[in-house]
Amino acid sequence: IRSGQQEGLSFLNPDMIQQVQFSAGGFEASYGDKLSSVLDITYKSFSENQMLISLSRLGGNLSWSLGKEKWSVITGFRYRDNGLLVDQKETETNFNPSFSDLQTFISYAQSDQLFFNVLGAFSANTYRYKPLVRQTNFGTIEQPKALVVYYDGNEKDKYTAFTGALKTTWIPNNNNSYRLILSNYQTVETEHFDILAQYRLGDPNSSIGGDDLGVVTFTEGVGSQLTHGRNNYGAQIIDGKLRGKHIKGNHLLDWGIGYKREHIDDRLVEWEVVDSAGFSIRPPSGSIANDQPYTSFRGPLVPFAYVRATNQTQIQRISSFFQWSRRGLLGNTLYWLTAGIRGQQWQLENKKAKYIASPRIQLSFHPKNKDYVLYRFATGLYAQPPFYRELRTKDGVINHNIDAQKSIHISLGNEYRFSIWDRPFLFKSELYYKLLDKLNAYSVENVRIRYEANNDTKGFVYGLDLRLNGEFVPGTESWISLGLMSTEENRNNRGNIPRPTDQRFKFAMLFQDYVPSMPFLKMNLNLVYNSGLPGGAPNYADPYNYRGRLRDYKRADLGIFYVVNAGNKSRVPFLNDLMIGFEIFNVFNVQNAITMTWVRDVSSKSQFGIPNYMTPRVFNLKLSAGF
């Protein structure tokens with residue numbers, strides 16, 4: 001699963017979501033102590049009975065809603081089996097990944113002044129992985145390379161999480177409201193694996209038309225790698241918040257106070273043994289040199305990597321915010337001004353408590369006679385106190401001296417509404433700059449994040465986001481987005497290098513269409529092109545010595561559907577909607593890499609970066625119905 005072989009479920013269930021808002025920076029003080037961005041999810045609230053079913057080769061979704069005058073319930077269940085995706089990969093494997101989750105959202109109105117909301121969510125993600133054989137071809141046409149790996153062993157991982165929340169809202173009058181929010185989050189994670197990988201690295205036959213095309217004919221490196229893990233992680237997070245909102249004239253006052261307790265139980269046991277050409281490879285940080293096979297080595301044999309740690313950690317946090325907003329008219333310009341400040345005190349176990357303060361300001365305005373144009377400006381100091389995984393170093397030790405990561409945001413935005421072909425369109429743009437300080441630098445080990453836990457890094461981010469959405473085809477919603485970004489970091493004053501998220505260019509488009517003479521035949525086309533991310537560095541390596549990037553990400557997805565029923569019960573009884581079709585993921589079968597696997601050769605003392613490819617072309621059948 002650390003080689004990009006999971007494409008599971010996010011927390012968002014589209015059948016239950018009414019609105020999703022995302023802020024890439026410059027967000028208000030009410031949104032919490034995050035360094036970079038926030039996601040605001042609004043659940044649906046139904047007053048009628050409804051059921052939605054979706055089935056495909058990859059799994060299925062079921063959601064239903066019930067409602068009366070005072071209450072409503074919406075529940076969603078999802079199941080996904082990614083065996084079809086993994087069957088298409090270059091690694092021959094017995095892989096049975098399954099993902100399931102159940103969410104329910106209950107709303108109850110006791111009166112016109114008192115409301116209750118309950119959110120419950122449970123998810124279980126299970127991976128059973130037994131790799132058999134893999135061949136990865138890479139390099140260039142002039143110098144092709146191939147890695148052939150034979151596996152033994154298996155991996156069994158399970159991740160379960162439960163979220164429960166209760167919100168009570170009291171609105172005594174039109175100008176005042178209060179909310180009490182109580183929540184509990186628990187997760188249990190287990191990662192157990194023993195996998196032996198024996199590999200050959202060499203030159204494949206590139207003679208077109210030959211019977212052994214692609215077969216490794218010359219081997220320049222052989223070796224094996226044995227990895228072992230018995231990792232168990234459990235966390236409970238209890239959170240309570242009290243928030244208020246008050247309106248007086250053109251002024252709006254928001255405030256809140258909260259308490260959070262985090263309890264973590266973590267047991268980390270991992271080791272890795274590597275040999276190349278029959279010689280055991282020692283960790284490079286050791287004091288004993290190993291120059292095999294040229295010089296006899298008589299020192300003790302030790303694993304190439306070894307981590308063993310057991311941690312029980314408690315963190316307590318007290319947070320508060322105060323936010324003032326004013327709406328007014330300045331000349332011929334309407335404006336909305338918001339200013340606020342957040343504060344948090346957190347204490348790790350019985351250590352000395354630490355504090356942060358985060359002032360922020362946002363200004364939006366548009367000319368009174370041009371309500372189709374909106375401008376935004378935002379700035380502020382943003383701080384993110386560390387969570388447990390940011391406190392844990394690569395060797396499993398907790399660093400109690402970690403401070404909050406900090407960032408200064410400056411953001412300029414614009415919205416422009418216009419019409420083309422008598423249809424509405426919306427164009428959004430945002431220009432941003434972020435100055436980062438006391439960063440907790442990290443590296444990506446396959447798809448796992450490993451923090452340095454030392455706050456010795458500075459950095460910056462700047463970029464431009466553009467988005468256009470509207471009805472390119474009457475009755476459909478399509479959009480095009482373009483992003484330019486650069487982010488670099490300076491570790492311990494050694495100079496700037498790209499951060500792991502430094503993706504310079506992003507392009508995405510979703511286009512929906514239908515046949516004019518047959519409007520019940522619809523098509524969805526999704527196009528994505530992103531420049532390559534930094535490729536990372538092998539274990540024990542200095543990231544300043546590895547500046548390579550992954551190849552550019554290119555993908556096209558196509559869906560064609562036949563709408564049998566569209567809000568018309570007369571054609572098919574008991575059905576409001578019925579749609580049947582197929583999807584082709586990665587239509588052009590592009591090999592997109594997610595990370596690198598590093599293979600060591602003792603004779604040349606070189607490390608080769610072998611790309612881990614994501615899902616190739618996959619064909620999926622899908623049926624959805626609404627009752």
# chains A, B, ... in the order shown; residues from 1 in each chain; ligands from 1
call {"tool": "residues_around", "arguments": {"residues": "segment 542-549 of chain A", "least_positions_apart": "2", "cutoff": "9 Å", "atoms": "only C-alpha atoms", "output": "CSV table (one decimal) with all heavy atoms, in the first residue's frame"}}
result
chain,number,residue,atom,x,y,z
A,443,SER,N,9.6,14.3,4.5
A,443,SER,CA,9.9,13.6,3.3
A,443,SER,C,8.8,12.5,3.1
A,443,SER,O,8.1,12.1,4.0
A,443,SER,CB,11.3,12.9,3.3
A,443,SER,OG,11.4,12.0,4.4
A,494,ARG,N,20.7,26.1,4.5
A,494,ARG,CA,21.5,25.4,3.5
A,494,ARG,C,21.2,25.8,2.1
A,494,ARG,O,21.8,25.3,1.2
A,494,ARG,CB,21.4,23.9,3.7
A,494,ARG,CG,21.9,23.3,5.0
A,494,ARG,CD,21.8,21.8,5.1
A,494,ARG,NE,22.5,21.2,4.0
A,494,ARG,CZ,22.4,19.9,3.7
A,494,ARG,NH1,21.5,19.2,4.3
A,494,ARG,NH2,23.1,19.4,2.7
A,495,GLY,N,20.2,26.6,1.9
A,495,GLY,CA,19.8,27.0,0.6
A,495,GLY,C,18.4,26.4,0.3
A,495,GLY,O,17.9,25.5,1.0
A,496,ASN,N,17.8,27.0,-0.7
A,496,ASN,CA,16.4,26.6,-1.1
A,496,ASN,C,16.4,25.3,-2.0
A,496,ASN,O,17.2,25.2,-2.9
A,496,ASN,CB,15.7,27.7,-1.8
A,496,ASN,CG,15.4,28.9,-0.9
A,496,ASN,OD1,15.2,28.7,0.3
A,496,ASN,ND2,15.3,30.1,-1.5
A,497,ILE,N,15.5,24.4,-1.7
A,497,ILE,CA,15.2,23.3,-2.5
A,497,ILE,C,13.7,23.2,-2.6
A,497,ILE,O,12.9,23.6,-1.7
A,497,ILE,CB,15.8,22.0,-1.9
A,497,ILE,CG1,15.2,21.7,-0.5
A,497,ILE,CG2,17.3,22.0,-1.9
A,497,ILE,CD1,15.6,20.4,0.1
A,498,PRO,N,13.1,22.5,-3.7
A,498,PRO,CA,11.7,22.4,-3.8
A,498,PRO,C,11.1,21.6,-2.7
A,498,PRO,O,11.7,20.6,-2.2
A,498,PRO,CB,11.5,21.7,-5.1
A,498,PRO,CG,12.8,22.0,-5.9
A,498,PRO,CD,13.8,22.0,-4.8
A,532,GLY,N,5.4,17.5,-13.0
A,532,GLY,CA,5.9,16.4,-12.0
A,532,GLY,C,6.3,17.0,-10.7
A,532,GLY,O,6.9,18.1,-10.6
A,533,LEU,N,6.0,16.2,-9.6
A,533,LEU,CA,6.4,16.5,-8.3
A,533,LEU,C,7.9,16.1,-8.1
A,533,LEU,O,8.4,15.3,-8.8
A,533,LEU,CB,5.5,15.8,-7.3
A,533,LEU,CG,4.1,16.3,-7.1
A,533,LEU,CD1,3.2,15.3,-6.4
A,533,LEU,CD2,4.1,17.7,-6.4
A,534,PRO,N,8.5,16.7,-7.0
A,534,PRO,CA,9.9,16.2,-6.7
A,534,PRO,C,9.8,14.7,-6.4
A,534,PRO,O,8.9,14.2,-5.8
A,534,PRO,CB,10.2,17.0,-5.4
A,534,PRO,CG,9.5,18.3,-5.6
A,534,PRO,CD,8.2,17.9,-6.2
A,535,GLY,N,10.9,14.0,-6.8
A,535,GLY,CA,10.9,12.5,-6.7
A,535,GLY,C,11.3,12.0,-5.3
A,535,GLY,O,11.3,10.8,-5.1
A,536,GLY,N,11.7,12.9,-4.4
A,536,GLY,CA,12.1,12.4,-3.1
A,536,GLY,C,13.5,11.9,-3.1
A,536,GLY,O,14.3,12.0,-4.0
A,537,ALA,N,13.9,11.3,-1.9
A,537,ALA,CA,15.3,10.8,-1.7
A,537,ALA,C,15.2,9.5,-1.0
A,537,ALA,O,14.2,9.3,-0.2
A,537,ALA,CB,16.1,11.8,-0.9
A,538,PRO,N,16.2,8.6,-1.2
A,538,PRO,CA,16.2,7.3,-0.5
A,538,PRO,C,16.4,7.5,1.0
A,538,PRO,O,16.9,8.6,1.5
A,538,PRO,CB,17.3,6.5,-1.2
A,538,PRO,CG,18.2,7.6,-1.8
A,538,PRO,CD,17.3,8.7,-2.1
A,539,ASN,N,16.2,6.4,1.8
A,539,ASN,CA,16.5,6.4,3.2
A,539,ASN,C,17.9,6.8,3.5
A,539,ASN,O,18.8,6.3,2.8
A,539,ASN,CB,16.1,5.1,3.8
A,539,ASN,CG,15.9,5.1,5.3
A,539,ASN,OD1,15.9,6.2,5.9
A,539,ASN,ND2,15.7,4.0,5.9
A,540,TYR,N,18.2,7.6,4.5
A,540,TYR,CA,19.5,8.1,5.0
A,540,TYR,C,20.1,9.1,4.0
A,540,TYR,O,21.2,9.6,4.3
A,540,TYR,CB,20.5,6.9,5.1
A,540,TYR,CG,20.1,6.0,6.3
A,540,TYR,CD1,19.7,4.7,6.0
A,540,TYR,CD2,20.2,6.4,7.6
A,540,TYR,CE1,19.4,3.8,7.0
A,540,TYR,CE2,19.9,5.5,8.6
A,540,TYR,CZ,19.5,4.2,8.3
A,540,TYR,OH,19.2,3.4,9.4
A,551,ARG,N,7.8,12.2,-13.5
A,551,ARG,CA,7.3,12.6,-14.8
A,551,ARG,C,5.9,13.3,-14.7
A,551,ARG,O,5.2,13.2,-13.7
A,551,ARG,CB,7.1,11.4,-15.7
A,551,ARG,CG,6.0,10.4,-15.2
A,551,ARG,CD,5.8,9.2,-16.2
A,551,ARG,NE,7.1,8.5,-16.4
A,551,ARG,CZ,7.2,7.4,-17.2
A,551,ARG,NH1,6.1,7.0,-17.9
A,551,ARG,NH2,8.3,6.7,-17.2
A,552,ASP,N,5.6,14.1,-15.7
A,552,ASP,CA,4.3,14.9,-15.6
A,552,ASP,C,3.1,13.9,-15.6
A,552,ASP,O,3.2,12.8,-16.1
A,552,ASP,CB,4.2,15.8,-16.9
A,552,ASP,CG,5.2,16.9,-16.9
A,552,ASP,OD1,5.9,17.1,-15.9
A,552,ASP,OD2,5.4,17.6,-17.9
call {"tool": "select_by_dssp", "arguments": {"residues": "segment 257-353 of chain A", "states": "strand (DSSP E)", "output": "PyMOL selection string"}}
result
chain A and resi 257-276+279-280+305-330+333-348
call {"tool": "atom_distance", "arguments": {"atom1": "atom CA of Pro359 of chain A", "atom2": "atom CA of Lys245 of chain A"}}
result
18.9 Å
call {"tool": "residues_around", "arguments": {"residues": "segment 279-283 of chain A", "least_positions_apart": "4", "cutoff": "6 Å", "atoms": "only C-alpha atoms", "output": "VMD selection string"}}
result
chain A and resid 274 to 275 304
call {"tool": "write_last_selection", "arguments": {"atoms": "C-alpha atoms", "output": "short mmCIF file (atom, residue, chain, number, x, y, z; two decimals), in the first residue's frame"}}
result
data_model
loop_
_atom_site.label_atom_id
_atom_site.label_comp_id
_atom_site.auth_asym_id
_atom_site.auth_seq_id
_atom_site.Cartn_x
_atom_site.Cartn_y
_atom_site.Cartn_z
CA VAL A 274 19.15 -5.28 2.49
CA ASP A 275 21.80 -7.21 0.62
CA PHE A 304 19.92 -1.31 7.21
#
call {"tool": "residues_around", "arguments": {"residues": "Phe99 of chain A", "least_positions_apart": "3", "cutoff": "9 Å", "atoms": "only C-alpha atoms", "output": "ChimeraX atom specification"}}
result
/A:8-9,78-82,123-127
call {"tool": "write_last_selection", "arguments": {"atoms": "all heavy atoms", "output": "short mmCIF file (atom, residue, chain, number, x, y, z; two decimals), in the first residue's frame"}}
result
data_model
loop_
_atom_site.label_atom_id
_atom_site.label_comp_id
_atom_site.auth_asym_id
_atom_site.auth_seq_id
_atom_site.Cartn_x
_atom_site.Cartn_y
_atom_site.Cartn_z
N GLY A 8 -8.80 4.90 -2.38
CA GLY A 8 -9.96 4.56 -1.58
C GLY A 8 -10.97 5.69 -1.46
O GLY A 8 -11.12 6.52 -2.35
N LEU A 9 -11.68 5.72 -0.33
CA LEU A 9 -12.76 6.65 -0.11
C LEU A 9 -12.28 7.84 0.70
O LEU A 9 -11.56 7.67 1.69
CB LEU A 9 -13.90 5.95 0.64
CG LEU A 9 -14.54 4.75 -0.05
CD1 LEU A 9 -15.52 4.07 0.91
CD2 LEU A 9 -15.25 5.15 -1.32
N ARG A 78 -21.26 3.39 1.86
CA ARG A 78 -20.45 3.19 0.68
C ARG A 78 -19.54 1.97 0.86
O ARG A 78 -19.03 1.72 1.96
CB ARG A 78 -19.58 4.42 0.39
CG ARG A 78 -20.34 5.66 0.03
CD ARG A 78 -19.40 6.81 -0.28
NE ARG A 78 -18.64 7.23 0.89
CZ ARG A 78 -17.67 8.13 0.87
NH1 ARG A 78 -17.32 8.68 -0.28
NH2 ARG A 78 -17.04 8.47 1.97
N TYR A 79 -19.36 1.25 -0.22
CA TYR A 79 -18.43 0.11 -0.23
C TYR A 79 -17.64 0.15 -1.53
O TYR A 79 -18.21 0.39 -2.60
CB TYR A 79 -19.16 -1.22 -0.11
CG TYR A 79 -18.23 -2.42 -0.21
CD1 TYR A 79 -17.47 -2.81 0.88
CD2 TYR A 79 -18.09 -3.11 -1.41
CE1 TYR A 79 -16.60 -3.89 0.80
CE2 TYR A 79 -17.22 -4.19 -1.51
CZ TYR A 79 -16.48 -4.57 -0.40
OH TYR A 79 -15.61 -5.63 -0.50
N ARG A 80 -16.34 -0.05 -1.42
CA ARG A 80 -15.49 -0.01 -2.60
C ARG A 80 -14.46 -1.13 -2.50
O ARG A 80 -13.81 -1.30 -1.48
CB ARG A 80 -14.79 1.34 -2.71
CG ARG A 80 -13.97 1.52 -3.98
CD ARG A 80 -13.34 2.90 -3.99
NE ARG A 80 -12.50 3.14 -5.16
CZ ARG A 80 -12.90 3.73 -6.27
NH1 ARG A 80 -14.16 4.13 -6.38
NH2 ARG A 80 -12.07 3.93 -7.28
N ASP A 81 -14.34 -1.89 -3.58
CA ASP A 81 -13.35 -2.97 -3.69
C ASP A 81 -12.41 -2.62 -4.83
O ASP A 81 -12.81 -2.59 -5.99
CB ASP A 81 -14.06 -4.30 -3.95
CG ASP A 81 -13.09 -5.48 -3.90
OD1 ASP A 81 -11.87 -5.26 -4.05
OD2 ASP A 81 -13.55 -6.62 -3.71
N ASN A 82 -11.15 -2.36 -4.49
CA ASN A 82 -10.19 -1.90 -5.49
C ASN A 82 -9.43 -3.04 -6.14
O ASN A 82 -8.39 -2.82 -6.77
CB ASN A 82 -9.19 -0.93 -4.87
CG ASN A 82 -9.76 0.46 -4.74
OD1 ASN A 82 -10.93 0.68 -5.01
ND2 ASN A 82 -8.95 1.39 -4.32
N SER A 123 -15.77 4.34 9.55
CA SER A 123 -15.09 3.87 8.34
C SER A 123 -14.15 2.73 8.70
O SER A 123 -13.56 2.72 9.79
CB SER A 123 -14.31 5.01 7.68
OG SER A 123 -13.26 5.45 8.50
N ALA A 124 -14.02 1.78 7.79
CA ALA A 124 -13.12 0.63 7.96
C ALA A 124 -12.44 0.37 6.62
O ALA A 124 -13.11 0.06 5.63
CB ALA A 124 -13.88 -0.60 8.43
N ASN A 125 -11.14 0.53 6.60
CA ASN A 125 -10.34 0.28 5.40
C ASN A 125 -9.39 -0.87 5.68
O ASN A 125 -8.59 -0.81 6.62
CB ASN A 125 -9.55 1.52 5.00
CG ASN A 125 -10.45 2.71 4.72
OD1 ASN A 125 -11.58 2.54 4.26
ND2 ASN A 125 -9.98 3.91 5.02
N THR A 126 -9.47 -1.91 4.87
CA THR A 126 -8.69 -3.13 5.09
C THR A 126 -7.88 -3.44 3.84
O THR A 126 -8.40 -3.40 2.72
CB THR A 126 -9.61 -4.31 5.43
OG1 THR A 126 -10.41 -3.99 6.56
CG2 THR A 126 -8.79 -5.55 5.74
N TYR A 127 -6.60 -3.75 4.05
CA TYR A 127 -5.71 -4.13 2.96
C TYR A 127 -5.13 -5.52 3.26
O TYR A 127 -4.53 -5.73 4.32
CB TYR A 127 -4.55 -3.15 2.82
CG TYR A 127 -4.95 -1.72 2.58
CD1 TYR A 127 -5.28 -0.89 3.64
CD2 TYR A 127 -4.98 -1.19 1.30
CE1 TYR A 127 -5.63 0.43 3.43
CE2 TYR A 127 -5.33 0.12 1.07
CZ TYR A 127 -5.65 0.93 2.14
OH TYR A 127 -6.01 2.23 1.93
#
call {"tool": "closest_atom_pairs", "arguments": {"of": "segment 352-453 of chain A", "to": "segment 326-347 of chain A", "cutoff": "7 Å", "atoms": "only C-alpha atoms", "output": "CSV"}}
result
residue,atom,partner,partner_atom,distance
A:Lys352,CA,A:Gln347,CA,6.4
A:Ala353,CA,A:Gln347,CA,4.4
A:Lys354,CA,A:Trp346,CA,5.5
A:Tyr355,CA,A:Gln345,CA,4.5
A:Ile356,CA,A:Gln344,CA,5.5
A:Ala357,CA,A:Gly343,CA,4.5
A:Ser358,CA,A:Arg342,CA,4.9
A:Pro359,CA,A:Ile341,CA,4.1
A:Arg360,CA,A:Gly340,CA,5.4
A:Ile361,CA,A:Ala339,CA,4.3
A:Gln362,CA,A:Thr338,CA,5.1
A:Leu363,CA,A:Leu337,CA,4.7
A:Ser364,CA,A:Trp336,CA,5.1
A:Phe365,CA,A:Tyr335,CA,4.1
A:His366,CA,A:Leu334,CA,5.6
A:Pro367,CA,A:Thr333,CA,4.3
A:Lys368,CA,A:Thr333,CA,5.2
call {"tool": "closest_atom_pairs", "arguments": {"of": "segment 241-342 of chain A", "to": "segment 191-194 of chain A", "cutoff": "10 Å", "atoms": "only C-alpha atoms", "output": "JSON lines"}}
result
{"residue": "A:Leu268", "atom": "CA", "partner": "A:Glu191", "partner_atom": "CA", "distance": 9.4}
{"residue": "A:Val269", "atom": "CA", "partner": "A:His192", "partner_atom": "CA", "distance": 9.5}
{"residue": "A:Glu270", "atom": "CA", "partner": "A:Phe193", "partner_atom": "CA", "distance": 9.3}
{"residue": "A:Trp271", "atom": "CA", "partner": "A:Asp194", "partner_atom": "CA", "distance": 9.9}
{"residue": "A:Glu272", "atom": "CA", "partner": "A:Asp194", "partner_atom": "CA", "distance": 9.8}
call {"tool": "write_last_selection", "arguments": {"atoms": "C-alpha atoms", "output": "PDB file, in the first residue's frame"}}
result
ATOM      1  CA  LEU A 268       6.238   1.419  16.165  1.00  0.00           C
ATOM      2  CA  VAL A 269       8.353  -1.618  15.209  1.00  0.00           C
ATOM      3  CA  GLU A 270       9.987  -1.627  11.779  1.00  0.00           C
ATOM      4  CA  TRP A 271      13.232  -2.990  10.386  1.00  0.00           C
ATOM      5  CA  GLU A 272      14.726  -3.539   6.969  1.00  0.00           C
TER       6      GLU A 272
END
call {"tool": "residues_around", "arguments": {"residues": "Val587 of chain A", "least_positions_apart": "4", "cutoff": "9 Å", "atoms": "only C-alpha atoms", "output": "list in words"}}
result
Arg555, Ala556, Asp557, Leu558, Pro616, Arg617, Val618 and Phe619 of chain A
call {"tool": "write_last_selection", "arguments": {"atoms": "C-alpha atoms", "output": "PDB file, in the first residue's frame"}}
result
ATOM      1  CA  ARG A 555      -4.932  11.598 -17.399  1.00  0.00           C
ATOM      2  CA  ALA A 556      -8.239  11.516 -19.250  1.00  0.00           C
ATOM      3  CA  ASP A 557     -11.420   9.889 -17.919  1.00  0.00           C
ATOM      4  CA  LEU A 558     -14.532   9.318 -20.026  1.00  0.00           C
ATOM      5  CA  PRO A 616      -3.522   2.245 -15.882  1.00  0.00           C
ATOM      6  CA  ARG A 617      -6.626   2.067 -18.060  1.00  0.00           C
ATOM      7  CA  VAL A 618      -9.653   0.612 -16.235  1.00  0.00           C
ATOM      8  CA  PHE A 619     -13.136  -0.074 -17.616  1.00  0.00           C
TER       9      PHE A 619
END
call {"tool": "closest_residue", "arguments": {"among": "A:Val373, A:Leu435, A:Ile610, A:Ile480", "to": "Trp598 of chain A", "atoms": "only C-alpha atoms"}}
result
A:Ile610
call {"tool": "select_by_dssp", "arguments": {"residues": "segment 291-427 of chain A", "states": "helix (DSSP H, G or I)", "output": "list in words"}}
result
Tyr388, Arg389, Glu390 and Leu391 of chain A
call {"tool": "residues_around", "arguments": {"residues": "Trp479 of chain A", "least_positions_apart": "5", "cutoff": "12 Å", "atoms": "only C-alpha atoms", "output": "PyMOL selection string"}}
result
chain A and resi 425-428+466-473+507-512+524-527
call {"tool": "residues_around", "arguments": {"residues": "Ala383 of chain A", "least_positions_apart": "3", "cutoff": "7 Å", "atoms": "only C-alpha atoms", "output": "ChimeraX atom specification"}}
result
/A:33-35,358,404-407
call {"tool": "write_last_selection", "arguments": {"atoms": "N, CA, C and O atoms", "output": "CSV table (one decimal), in the first residue's frame"}}
result
chain,number,residue,atom,x,y,z
A,33,ASP,N,-7.0,26.7,13.5
A,33,ASP,CA,-5.5,26.9,13.5
A,33,ASP,C,-4.9,26.0,12.5
A,33,ASP,O,-4.3,24.9,12.8
A,34,LYS,N,-5.0,26.3,11.3
A,34,LYS,CA,-4.4,25.6,10.2
A,34,LYS,C,-3.4,26.5,9.5
A,34,LYS,O,-3.6,27.7,9.4
A,35,LEU,N,-2.4,25.9,8.9
A,35,LEU,CA,-1.3,26.6,8.3
A,35,LEU,C,-1.6,27.1,6.9
A,35,LEU,O,-1.2,28.2,6.5
A,358,SER,N,-2.9,34.6,16.5
A,358,SER,CA,-3.0,34.6,15.0
A,358,SER,C,-4.0,35.7,14.6
A,358,SER,O,-5.2,35.5,14.5
A,404,ALA,N,4.8,25.6,17.1
A,404,ALA,CA,3.9,25.7,16.0
A,404,ALA,C,4.5,26.2,14.7
A,404,ALA,O,5.4,27.1,14.7
A,405,GLN,N,4.1,25.6,13.6
A,405,GLN,CA,4.6,26.1,12.3
A,405,GLN,C,3.8,27.4,12.0
A,405,GLN,O,2.6,27.6,12.3
A,406,LYS,N,4.5,28.4,11.3
A,406,LYS,CA,3.9,29.7,11.1
A,406,LYS,C,3.9,30.1,9.7
A,406,LYS,O,4.8,29.7,8.9
A,407,SER,N,3.0,31.0,9.3
A,407,SER,CA,2.9,31.4,7.9
A,407,SER,C,2.2,32.8,7.9
A,407,SER,O,1.2,33.0,8.6
call {"tool": "atom_distance", "arguments": {"atom1": "atom CA of Asp403 of chain A", "atom2": "atom CA of Glu262 of chain A"}}
result
17.1 Å
call {"tool": "closest_residue", "arguments": {"among": "A:Leu196, A:Leu12, A:Val563, A:Val148", "to": "Lys130 of chain A", "atoms": "only C-alpha atoms"}}
result
A:Leu196
call {"tool": "decode", "arguments": {"residues": "segment 319-330 of chain A", "atoms": "N, CA and C atoms", "output": "PDB file, in the first residue's frame"}}
result
ATOM      1  N   SER A 319      -8.505  26.831  23.026  1.00  0.00           N
ATOM      2  CA  SER A 319      -8.466  27.783  21.916  1.00  0.00           C
ATOM      3  C   SER A 319      -9.617  28.776  22.040  1.00  0.00           C
ATOM      4  N   SER A 320      -9.435  29.924  21.407  1.00  0.00           N
ATOM      5  CA  SER A 320     -10.477  30.944  21.403  1.00  0.00           C
ATOM      6  C   SER A 320     -10.283  31.835  20.191  1.00  0.00           C
ATOM      7  N   PHE A 321     -11.372  32.495  19.783  1.00  0.00           N
ATOM      8  CA  PHE A 321     -11.258  33.477  18.708  1.00  0.00           C
ATOM      9  C   PHE A 321     -12.283  34.580  18.918  1.00  0.00           C
ATOM     10  N   PHE A 322     -11.968  35.720  18.364  1.00  0.00           N
ATOM     11  CA  PHE A 322     -12.854  36.884  18.402  1.00  0.00           C
ATOM     12  C   PHE A 322     -12.801  37.523  17.020  1.00  0.00           C
ATOM     13  N   GLN A 323     -13.978  37.755  16.419  1.00  0.00           N
ATOM     14  CA  GLN A 323     -14.023  38.229  15.043  1.00  0.00           C
ATOM     15  C   GLN A 323     -15.114  39.290  14.880  1.00  0.00           C
ATOM     16  N   TRP A 324     -14.743  40.405  14.248  1.00  0.00           N
ATOM     17  CA  TRP A 324     -15.672  41.517  14.020  1.00  0.00           C
ATOM     18  C   TRP A 324     -15.794  41.771  12.523  1.00  0.00           C
ATOM     19  N   SER A 325     -17.035  41.983  12.069  1.00  0.00           N
ATOM     20  CA  SER A 325     -17.287  42.243  10.651  1.00  0.00           C
ATOM     21  C   SER A 325     -18.206  43.452  10.512  1.00  0.00           C
ATOM     22  N   ARG A 326     -18.004  44.181   9.419  1.00  0.00           N
ATOM     23  CA  ARG A 326     -18.836  45.353   9.155  1.00  0.00           C
ATOM     24  C   ARG A 326     -19.120  45.426   7.668  1.00  0.00           C
ATOM     25  N   ARG A 327     -20.373  45.713   7.347  1.00  0.00           N
ATOM     26  CA  ARG A 327     -20.782  45.912   5.965  1.00  0.00           C
ATOM     27  C   ARG A 327     -21.192  47.366   5.802  1.00  0.00           C
ATOM     28  N   GLY A 328     -20.748  47.996   4.703  1.00  0.00           N
ATOM     29  CA  GLY A 328     -21.063  49.407   4.527  1.00  0.00           C
ATOM     30  C   GLY A 328     -20.892  49.864   3.087  1.00  0.00           C
ATOM     31  N   LEU A 329     -21.076  51.162   2.908  1.00  0.00           N
ATOM     32  CA  LEU A 329     -20.979  51.788   1.586  1.00  0.00           C
ATOM     33  C   LEU A 329     -19.992  52.940   1.674  1.00  0.00           C
ATOM     34  N   LEU A 330     -18.975  52.905   0.819  1.00  0.00           N
ATOM     35  CA  LEU A 330     -17.968  53.946   0.764  1.00  0.00           C
ATOM     36  C   LEU A 330     -17.995  54.542  -0.640  1.00  0.00           C
TER      37      LEU A 330
END
